Structures are given as structure tokens and as C-alpha cells.
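The structure file structure.txt is reproduced below (compact mmCIF, C-alpha atoms and all ligand atoms).
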# COMPACT_ATOMS: atom_id res chain seq x y z
CA MET A 69 -66.66 -57.28 4.66
CA ALA A 70 -67.65 -54.61 2.16
CA SER A 71 -69.80 -51.73 3.31
CA LEU A 72 -71.36 -48.91 1.33
CA ILE A 73 -70.82 -45.34 2.50
CA THR A 74 -72.78 -42.63 0.75
CA ILE A 75 -71.10 -39.24 0.65
CA PRO A 76 -73.83 -36.60 0.96
CA ALA A 77 -73.70 -33.70 -1.50
CA ARG A 78 -71.03 -31.06 -0.63
CA GLN A 79 -69.64 -33.19 2.20
CA GLY A 80 -66.75 -35.60 2.71
CA LYS A 81 -66.01 -38.90 4.39
CA ALA A 82 -62.79 -40.35 5.75
CA ILE A 83 -62.10 -44.01 6.35
CA THR A 84 -59.16 -46.10 7.48
CA LEU A 85 -57.75 -48.50 4.93
CA ARG A 86 -55.25 -51.16 5.85
CA ARG A 87 -52.63 -52.68 3.61
CA GLY A 88 -54.23 -54.96 1.02
CA GLN A 89 -57.70 -53.45 1.44
CA HIS A 90 -59.29 -51.45 -1.32
CA ILE A 91 -61.97 -48.87 -1.81
CA LYS A 92 -64.38 -48.59 -4.71
CA VAL A 93 -65.26 -44.99 -5.48
CA ILE A 94 -68.58 -44.93 -7.34
CA ASN A 95 -69.61 -41.75 -9.14
CA THR A 96 -73.32 -42.33 -8.59
CA HIS A 97 -74.58 -39.53 -10.82
CA GLY A 98 -71.67 -39.77 -13.24
CA GLN A 99 -70.46 -36.18 -13.23
CA GLN A 100 -69.23 -35.44 -9.73
CA VAL A 101 -65.59 -34.62 -9.06
CA ILE A 102 -64.27 -36.33 -5.93
CA ASP A 103 -61.34 -34.62 -4.24
CA THR A 104 -59.31 -37.46 -2.74
CA TRP A 105 -56.57 -37.48 -0.12
CA ALA A 106 -54.65 -40.25 1.61
CA PHE A 107 -52.47 -40.01 4.71
CA ASN A 108 -50.19 -42.38 6.54
CA ARG A 109 -52.18 -42.82 9.72
CA ALA A 110 -49.02 -43.38 11.78
CA ASP A 111 -47.49 -40.12 10.54
CA LEU A 112 -49.96 -37.67 9.02
CA THR A 113 -47.15 -35.55 7.61
CA GLU A 114 -46.69 -38.33 5.05
CA CYS A 115 -49.49 -38.08 2.52
CA LEU A 116 -50.52 -38.74 -1.05
CA SER A 117 -48.65 -36.16 -3.10
CA MET A 118 -49.62 -35.05 -6.58
CA GLU A 119 -46.23 -33.56 -7.40
CA HIS A 120 -44.35 -36.65 -6.25
CA SER A 121 -46.82 -38.91 -8.08
CA ARG A 122 -46.40 -36.99 -11.34
CA ALA A 123 -42.63 -37.31 -10.99
CA SER A 124 -42.94 -41.02 -10.23
CA LEU A 125 -45.30 -41.69 -13.14
CA SER A 126 -43.73 -39.28 -15.63
CA ARG A 127 -47.34 -38.49 -16.47
CA ILE A 128 -49.99 -36.13 -15.15
CA ILE A 129 -52.73 -38.78 -15.12
CA ALA A 130 -52.33 -42.25 -13.63
CA ARG A 131 -53.56 -45.34 -15.47
CA VAL A 132 -54.83 -48.71 -14.23
CA GLY A 133 -51.96 -50.46 -12.46
CA ASP A 134 -50.22 -47.19 -11.62
CA SER A 135 -49.46 -46.31 -8.01
CA MET A 136 -49.72 -42.82 -6.63
CA VAL A 137 -47.02 -42.06 -4.08
CA THR A 138 -46.53 -40.04 -0.93
CA ASN A 139 -44.24 -37.09 -0.30
CA HIS A 140 -41.84 -39.78 0.98
CA ARG A 141 -42.09 -41.38 -2.49
CA ARG A 142 -43.78 -44.57 -1.25
CA PRO A 143 -46.79 -46.06 -3.03
CA ILE A 144 -50.01 -45.32 -1.16
CA LEU A 145 -52.86 -45.87 -3.64
CA THR A 146 -52.96 -48.00 -6.78
CA ILE A 147 -55.63 -47.86 -9.47
CA VAL A 148 -56.83 -51.44 -9.64
CA GLU A 149 -59.84 -50.95 -11.90
CA ASP A 150 -61.39 -48.00 -13.69
CA THR A 151 -64.64 -48.07 -15.65
CA SER A 152 -64.66 -44.29 -16.14
CA PRO A 153 -62.92 -42.63 -19.10
CA GLY A 154 -59.82 -42.66 -16.88
CA ILE A 155 -59.32 -38.92 -16.49
CA HIS A 156 -58.38 -38.00 -12.91
CA ASP A 157 -56.81 -34.57 -12.52
CA THR A 158 -53.63 -34.07 -10.49
CA LEU A 159 -53.16 -30.34 -11.11
CA ILE A 160 -55.94 -28.33 -9.52
CA ALA A 161 -56.10 -27.24 -5.86
CA ALA A 162 -59.04 -28.12 -3.63
CA CYS A 163 -61.79 -25.53 -3.38
CA ASP A 164 -61.80 -23.57 -0.14
CA ARG A 165 -63.52 -20.63 1.55
CA TYR A 166 -61.18 -18.21 -0.22
CA ARG A 167 -62.24 -19.46 -3.63
CA TYR A 168 -65.89 -18.96 -2.74
CA GLU A 169 -65.14 -15.51 -1.33
CA LEU A 170 -63.55 -14.60 -4.65
CA LEU A 171 -66.72 -15.83 -6.33
CA GLY A 172 -68.73 -13.42 -4.20
CA CYS A 173 -69.95 -15.63 -1.34
CA THR A 174 -70.46 -13.57 1.80
CA THR A 175 -71.60 -16.49 3.97
CA HIS A 176 -70.12 -19.93 4.55
CA HIS A 177 -70.07 -22.20 1.51
CA ASP A 178 -69.26 -25.89 1.86
CA ASN A 179 -65.87 -26.65 0.34
CA CYS A 180 -63.51 -29.58 -0.05
CA THR A 181 -60.78 -28.17 2.22
CA ASP A 182 -63.18 -27.91 5.17
CA ASN A 183 -64.66 -31.29 4.23
CA LEU A 184 -61.20 -32.87 4.56
CA VAL A 185 -60.85 -31.48 8.08
CA ALA A 186 -64.38 -32.54 9.07
CA GLY A 187 -64.01 -36.02 7.59
CA MET A 188 -60.76 -36.67 9.43
CA ALA A 189 -62.09 -35.13 12.64
CA ALA A 190 -64.73 -37.87 12.66
CA LEU A 191 -61.83 -40.33 12.99
CA GLY A 192 -60.17 -38.22 15.68
CA LEU A 193 -57.48 -36.99 13.27
CA THR A 194 -56.34 -33.55 12.18
CA PRO A 195 -54.59 -33.12 8.83
CA PRO A 196 -51.44 -31.04 9.29
CA LYS A 197 -52.17 -29.26 5.99
CA THR A 198 -54.35 -29.50 2.91
CA PRO A 199 -52.27 -31.33 0.33
CA SER A 200 -53.11 -30.90 -3.32
CA PRO A 201 -55.99 -33.33 -3.89
CA TRP A 202 -56.31 -36.15 -6.41
CA ASN A 203 -59.38 -35.01 -8.30
CA LEU A 204 -61.05 -38.24 -9.34
CA PHE A 205 -63.18 -37.88 -12.47
CA MET A 206 -62.03 -34.27 -13.02
CA ASN A 207 -61.10 -33.35 -16.56
CA ILE A 208 -58.44 -30.65 -17.00
CA PRO A 209 -57.08 -30.90 -20.54
CA VAL A 210 -53.58 -29.46 -20.88
CA GLN A 211 -53.08 -27.54 -24.10
CA ALA A 212 -49.94 -27.68 -26.20
CA VAL A 213 -48.90 -24.14 -25.25
CA GLY A 214 -49.20 -24.90 -21.53
CA GLY A 215 -52.68 -23.52 -20.94
CA LEU A 216 -55.30 -25.36 -18.93
CA SER A 217 -58.98 -25.51 -19.64
CA ILE A 218 -61.10 -26.21 -16.62
CA ARG A 219 -63.87 -28.53 -17.69
CA GLN A 220 -64.76 -29.93 -14.28
CA ALA A 221 -66.15 -33.43 -14.38
CA ILE A 222 -65.78 -36.08 -17.03
CA GLU A 223 -68.51 -36.76 -19.53
CA CYS A 224 -71.01 -39.20 -18.11
CA PRO A 225 -70.86 -42.56 -19.87
CA SER A 226 -74.19 -43.74 -21.20
CA ARG A 227 -74.42 -46.85 -19.07
CA GLY A 228 -73.77 -47.40 -15.38
CA ALA A 229 -72.09 -45.25 -12.77
CA PRO A 230 -68.37 -45.00 -13.47
CA LEU A 231 -66.17 -46.20 -10.66
CA VAL A 232 -62.55 -46.37 -9.67
CA VAL A 233 -61.15 -49.06 -7.42
CA LEU A 234 -58.16 -47.92 -5.41
CA GLY A 235 -55.86 -50.42 -3.75
CA ALA A 236 -55.12 -49.74 -0.11
CA PRO A 237 -51.97 -48.22 1.29
CA LEU A 238 -49.46 -50.73 0.10
CA VAL A 239 -46.47 -50.03 2.26
CA ILE A 240 -47.78 -47.66 4.85
CA ASP A 241 -48.88 -50.25 7.40
CA ALA A 242 -45.80 -52.37 7.01
CA ASP A 243 -43.21 -52.17 9.76
CA GLU A 244 -40.67 -52.71 7.09
CA PHE A 245 -41.31 -53.02 3.37
CA LYS A 246 -39.20 -55.64 1.66
CA PRO A 247 -40.15 -57.27 -1.64
CA ALA A 248 -39.44 -61.02 -1.68
CA ALA A 249 -35.95 -61.95 -2.85
CA GLY A 250 -35.67 -61.25 -6.56
CA ALA A 251 -39.04 -59.47 -6.75
CA THR A 252 -39.27 -55.87 -7.79
CA LEU A 253 -41.70 -53.33 -6.40
CA ARG A 254 -43.65 -53.63 -9.65
CA ASP A 255 -44.00 -57.43 -9.10
CA VAL A 256 -45.29 -56.84 -5.60
CA LEU A 257 -47.80 -54.24 -6.76
CA SER A 258 -49.12 -56.33 -9.61
CA GLU A 259 -49.52 -59.32 -7.28
CA ILE A 260 -51.53 -57.15 -4.89
CA CYS A 261 -53.62 -55.91 -7.83
CA ARG A 262 -54.24 -59.53 -8.86
CA GLN A 263 -55.32 -60.49 -5.36
CA ILE A 264 -57.63 -57.50 -5.07
CA ARG A 265 -59.19 -58.31 -8.45
CA ARG A 266 -59.76 -61.89 -7.32
CA THR A 267 -61.39 -60.72 -4.06
CA ASN A 268 -63.47 -58.32 -6.07
CA GLN A 269 -64.76 -60.99 -8.40
CA THR A 270 -65.76 -63.29 -5.55
CA THR A 271 -67.55 -60.55 -3.61
CA ARG A 272 -69.55 -59.14 -6.50
ZN ZN A 301 -64.21 -28.79 -4.08
Go through the file and emit its structure as C-alpha cells.
Amino acid sequence: MASLITIPARQGKAITLRRGQHIKVINTHGQQVIDTWAFNRADLTECLSMEHSRASLSRIIARVGDSMVTNHRRPILTIVEDTSPGIHDTLIAACDRYRYELLGCTTHHDNCTDNLVAGMAALGLTPPKTPSPWNLFMNIPVQAVGGLSIRQAIECPSRGAPLVVLGAPLVIDADEFKPAAGATLRDVLSEICRQIRRTNQTTR
């Protein structure tokens, strides 16, 4: 049963996804960056890892059908659908109180690192650290000489709110992950993507 959760400005939300479930991340106003984390609920030290995902993908930006992996190199989120321009940064750290202090804030300023803690606290969980986030919709072009230009959010498309559909933790809930005889991990992932797409079409 699909439910809509609105993330208030400058806040965060955490939810539990089970294997085979998916989440649709809608960028309502088109230009908001969404810092995204995923943890193995049974062992919070295993989490979505940008550095392991880049190594797994041999790219710095995942495409539809790609799976992001954990620090244990297991797929945890797959991009099933993407109606945005498809730019989701994997390089930039989450904002935190220290960043805002450097910017001159002398009082508390909401930030993604604290939002992660608060969001998980609502589920009774405490993240053991702040992993590097997956910055959905964030555009950080990498220049040929290795420089980065920080452009924040993607350009807003002219029609509709861009969205990304992320497939649920694919192996995390499994007691033991074994592809069917003869099937590769890629076969399993694309079958799950197909099933999610089918569910999506019937629930729209
Ligand atoms: Zn932030």
C-alpha cells in the first residue's frame, strides 16, 4: 500500500524498506537536493557507501538499472526509474553544523547530518556514523583537470516534478542471498526492476 510522506523544508524522514519494496522520491519543487542514506537495519554498520558504489559502477553517477552498494559491497538501492536529468552526486559530504559555523552561523542551523540522526531516532535507531550521502538531484560537474564546480541542484525540467524510484534493499533482508541456478546477480536485479515497474504501472 503506497503512502505519501512529505519531507518538511530543512528536515528529514527515515522509513523502513523491505526487500522488493521501493520508494519514489519526488522533487516537488524541482530544485531541491535530497541527501539520501540507506542502512542495513539488522546491522547499522553496513550502509550505502558512495566510495564502494563508485568502485562497483566504475562511474561517479549511477544510471537507471544500476545498483548502489554497501560498504560490504552488496546491492542496497537500485535506480528503477528516473524522470529527472539523471544527475545524482556521489562526491560531496552532507552539510553539518561545522559547515554552517564556517559560513558564520552563531546559532543552530538545520543541517542534513542532524536530520539523519533525528530521522532515524524516530524509528528508534541511531546511525553509528554519518556516511557520505547520495545527493539525489545534486549537480557537481567534474572538470577535466580534476576540479569540481558546486552547482547544487539540477535544472528544473519544464514539466512535472522530477522523481527517482529506488528499489528496496535487495539482499539486506535475505537470510542468505543466492541467485537461482544459472542466474547472475544482474539477472536477479533486472527481474526485480521488472517486477517493481509492473507494480508501479498497476498502482498509478
Ligand atoms: Zn544538507
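Note that atom CA of A:Thr198 and atom CA of A:Pro153 are 27.0 Å apart.
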Inset, instruction - Pick out the residues no farther than 7 Å from ligand ZN 301 (chain A), counting all atoms listed in the file, and list them as a ChimeraX atom specification. - result: /A:103,162-164,179-180
Legend entry - Distance of atom CA of A:Thr158 from atom CA of A:Pro76, expressed in Å to one decimal place: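 Atom-to-atom, atom CA of A:Pro76 to atom CA of A:Thr158, that is 23.4 Å.
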Legend entry - Shell of 10 Å around A:Val185, only C-alpha atoms, local chain residues under 4 positions omitted, as a PyMOL selection string: chain A and resi 80-82+180-181+189-190+193-198
Please save C-alpha atoms of the selected residues as a compact mmCIF listing (two decimals), in the coordinates of the input.
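Below is the file that was written, part_19.txt:
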# COMPACT_ATOMS: atom_id res chain seq x y z
CA GLY A 80 -66.75 -35.60 2.71
CA LYS A 81 -66.01 -38.90 4.39
CA ALA A 82 -62.79 -40.35 5.75
CA CYS A 180 -63.51 -29.58 -0.05
CA THR A 181 -60.78 -28.17 2.22
CA ALA A 189 -62.09 -35.13 12.64
CA ALA A 190 -64.73 -37.87 12.66
CA LEU A 193 -57.48 -36.99 13.27
CA THR A 194 -56.34 -33.55 12.18
CA PRO A 195 -54.59 -33.12 8.83
CA PRO A 196 -51.44 -31.04 9.29
CA LYS A 197 -52.17 -29.26 5.99
CA THR A 198 -54.35 -29.50 2.91
Inset, instruction - Go ahead and compute the interatomic distance for atom CA of A:Leu159 and atom CA of A:Ile91, in Å to one decimal. - result: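 Rounded to one decimal, the two atoms are 22.5 Å apart.
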Legend entry - Sphere at (-53.8, -35.9, -1.0), radius 9 Å, counting all atoms listed in the file: residues as a ChimeraX atom specification: /A:103-107,115-118,138,198-202
File of the preceding selection, C-alpha atoms, as a PDB file, keeping the file's coordinate frame:
ATOM      1  CA  ASP A 103     -61.340 -34.620  -4.240  1.00  0.00           C
ATOM      2  CA  THR A 104     -59.310 -37.460  -2.740  1.00  0.00           C
ATOM      3  CA  TRP A 105     -56.570 -37.480  -0.120  1.00  0.00           C
ATOM      4  CA  ALA A 106     -54.650 -40.250   1.610  1.00  0.00           C
ATOM      5  CA  PHE A 107     -52.470 -40.010   4.710  1.00  0.00           C
ATOM      6  CA  CYS A 115     -49.490 -38.080   2.520  1.00  0.00           C
ATOM      7  CA  LEU A 116     -50.520 -38.740  -1.050  1.00  0.00           C
ATOM      8  CA  SER A 117     -48.650 -36.160  -3.100  1.00  0.00           C
ATOM      9  CA  MET A 118     -49.620 -35.050  -6.580  1.00  0.00           C
ATOM     10  CA  THR A 138     -46.530 -40.040  -0.930  1.00  0.00           C
ATOM     11  CA  THR A 198     -54.350 -29.500   2.910  1.00  0.00           C
ATOM     12  CA  PRO A 199     -52.270 -31.330   0.330  1.00  0.00           C
ATOM     13  CA  SER A 200     -53.110 -30.900  -3.320  1.00  0.00           C
ATOM     14  CA  PRO A 201     -55.990 -33.330  -3.890  1.00  0.00           C
ATOM     15  CA  TRP A 202     -56.310 -36.150  -6.410  1.00  0.00           C
TER      16      TRP A 202
END
Legend entry - A:Gly192 environment, 12 Å, only C-alpha atoms, sequence neighbours closer than 4 positions dropped, as a PyMOL selection string: chain A and resi 82-84+109+185-188
Inset, instruction - Have a look at A:Val137, A:Ala110, A:Ile144, A:Leu204 and name the one nearest to A:Val232; count all atoms listed in the file. - result: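 Checking each candidate against A:Val232, we get A:Leu204 as the closest.
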Legend entry - From A:Leu216, A:Met136, A:Ile73, A:Val210, residue lying nearest A:Ser124 [all atoms listed in the file]: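 Closest candidate: A:Met136.
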Your completed stretch 187-198 of chain A with all heavy atoms, as a short mmCIF file (atom, residue, chain, number, x, y, z; two decimals), in the coordinates of the input:
data_model
loop_
_atom_site.label_atom_id
_atom_site.label_comp_id
_atom_site.auth_asym_id
_atom_site.auth_seq_id
_atom_site.Cartn_x
_atom_site.Cartn_y
_atom_site.Cartn_z
N GLY A 187 -64.03 -34.57 7.78
CA GLY A 187 -64.01 -36.02 7.59
C GLY A 187 -62.98 -36.68 8.49
O GLY A 187 -63.25 -37.69 9.13
N MET A 188 -61.80 -36.08 8.58
CA MET A 188 -60.76 -36.67 9.43
C MET A 188 -61.06 -36.47 10.90
O MET A 188 -60.74 -37.32 11.74
CB MET A 188 -59.39 -36.11 9.06
CG MET A 188 -58.93 -36.65 7.69
SD MET A 188 -57.31 -36.09 7.20
CE MET A 188 -56.23 -37.01 8.30
N ALA A 189 -61.72 -35.36 11.23
CA ALA A 189 -62.09 -35.13 12.64
C ALA A 189 -63.00 -36.25 13.14
O ALA A 189 -62.92 -36.65 14.30
CB ALA A 189 -62.77 -33.78 12.79
N ALA A 190 -63.84 -36.78 12.26
CA ALA A 190 -64.73 -37.87 12.66
C ALA A 190 -63.94 -39.11 13.05
O ALA A 190 -64.45 -39.99 13.76
CB ALA A 190 -65.70 -38.18 11.52
N LEU A 191 -62.70 -39.21 12.61
CA LEU A 191 -61.83 -40.33 12.99
C LEU A 191 -60.87 -39.91 14.11
O LEU A 191 -59.96 -40.66 14.46
CB LEU A 191 -61.01 -40.80 11.78
CG LEU A 191 -61.77 -41.34 10.57
CD1 LEU A 191 -60.79 -41.76 9.49
CD2 LEU A 191 -62.65 -42.52 10.97
N GLY A 192 -61.05 -38.70 14.62
CA GLY A 192 -60.17 -38.22 15.68
C GLY A 192 -58.83 -37.75 15.17
O GLY A 192 -57.85 -37.69 15.91
N LEU A 193 -58.75 -37.39 13.88
CA LEU A 193 -57.48 -36.99 13.27
C LEU A 193 -57.56 -35.56 12.76
O LEU A 193 -58.64 -35.08 12.39
CB LEU A 193 -57.14 -37.93 12.10
CG LEU A 193 -57.04 -39.43 12.43
CD1 LEU A 193 -56.93 -40.24 11.14
CD2 LEU A 193 -55.85 -39.69 13.33
N THR A 194 -56.41 -34.91 12.72
CA THR A 194 -56.34 -33.55 12.18
C THR A 194 -55.27 -33.50 11.11
O THR A 194 -54.10 -33.78 11.41
CB THR A 194 -55.96 -32.53 13.28
OG1 THR A 194 -56.89 -32.68 14.36
CG2 THR A 194 -56.01 -31.11 12.76
N PRO A 195 -55.64 -33.18 9.86
CA PRO A 195 -54.59 -33.12 8.83
C PRO A 195 -53.67 -31.94 9.11
O PRO A 195 -54.13 -30.86 9.44
CB PRO A 195 -55.38 -32.91 7.53
CG PRO A 195 -56.69 -32.31 7.97
CD PRO A 195 -56.96 -32.82 9.35
N PRO A 196 -52.36 -32.14 9.01
CA PRO A 196 -51.44 -31.04 9.29
C PRO A 196 -51.48 -29.94 8.24
O PRO A 196 -51.02 -28.83 8.47
CB PRO A 196 -50.06 -31.72 9.30
CG PRO A 196 -50.24 -33.02 8.60
CD PRO A 196 -51.67 -33.41 8.71
N LYS A 197 -52.04 -30.27 7.06
CA LYS A 197 -52.17 -29.26 5.99
C LYS A 197 -53.19 -29.80 5.00
O LYS A 197 -53.69 -30.91 5.16
CB LYS A 197 -50.83 -29.05 5.29
CG LYS A 197 -50.28 -30.31 4.65
CD LYS A 197 -49.03 -30.06 3.83
CE LYS A 197 -48.56 -31.35 3.16
NZ LYS A 197 -47.48 -31.17 2.23
N THR A 198 -53.49 -29.01 3.99
CA THR A 198 -54.35 -29.50 2.91
C THR A 198 -53.47 -29.78 1.71
O THR A 198 -53.10 -28.86 0.98
CB THR A 198 -55.41 -28.46 2.51
OG1 THR A 198 -56.15 -28.08 3.67
CG2 THR A 198 -56.37 -29.02 1.47
#
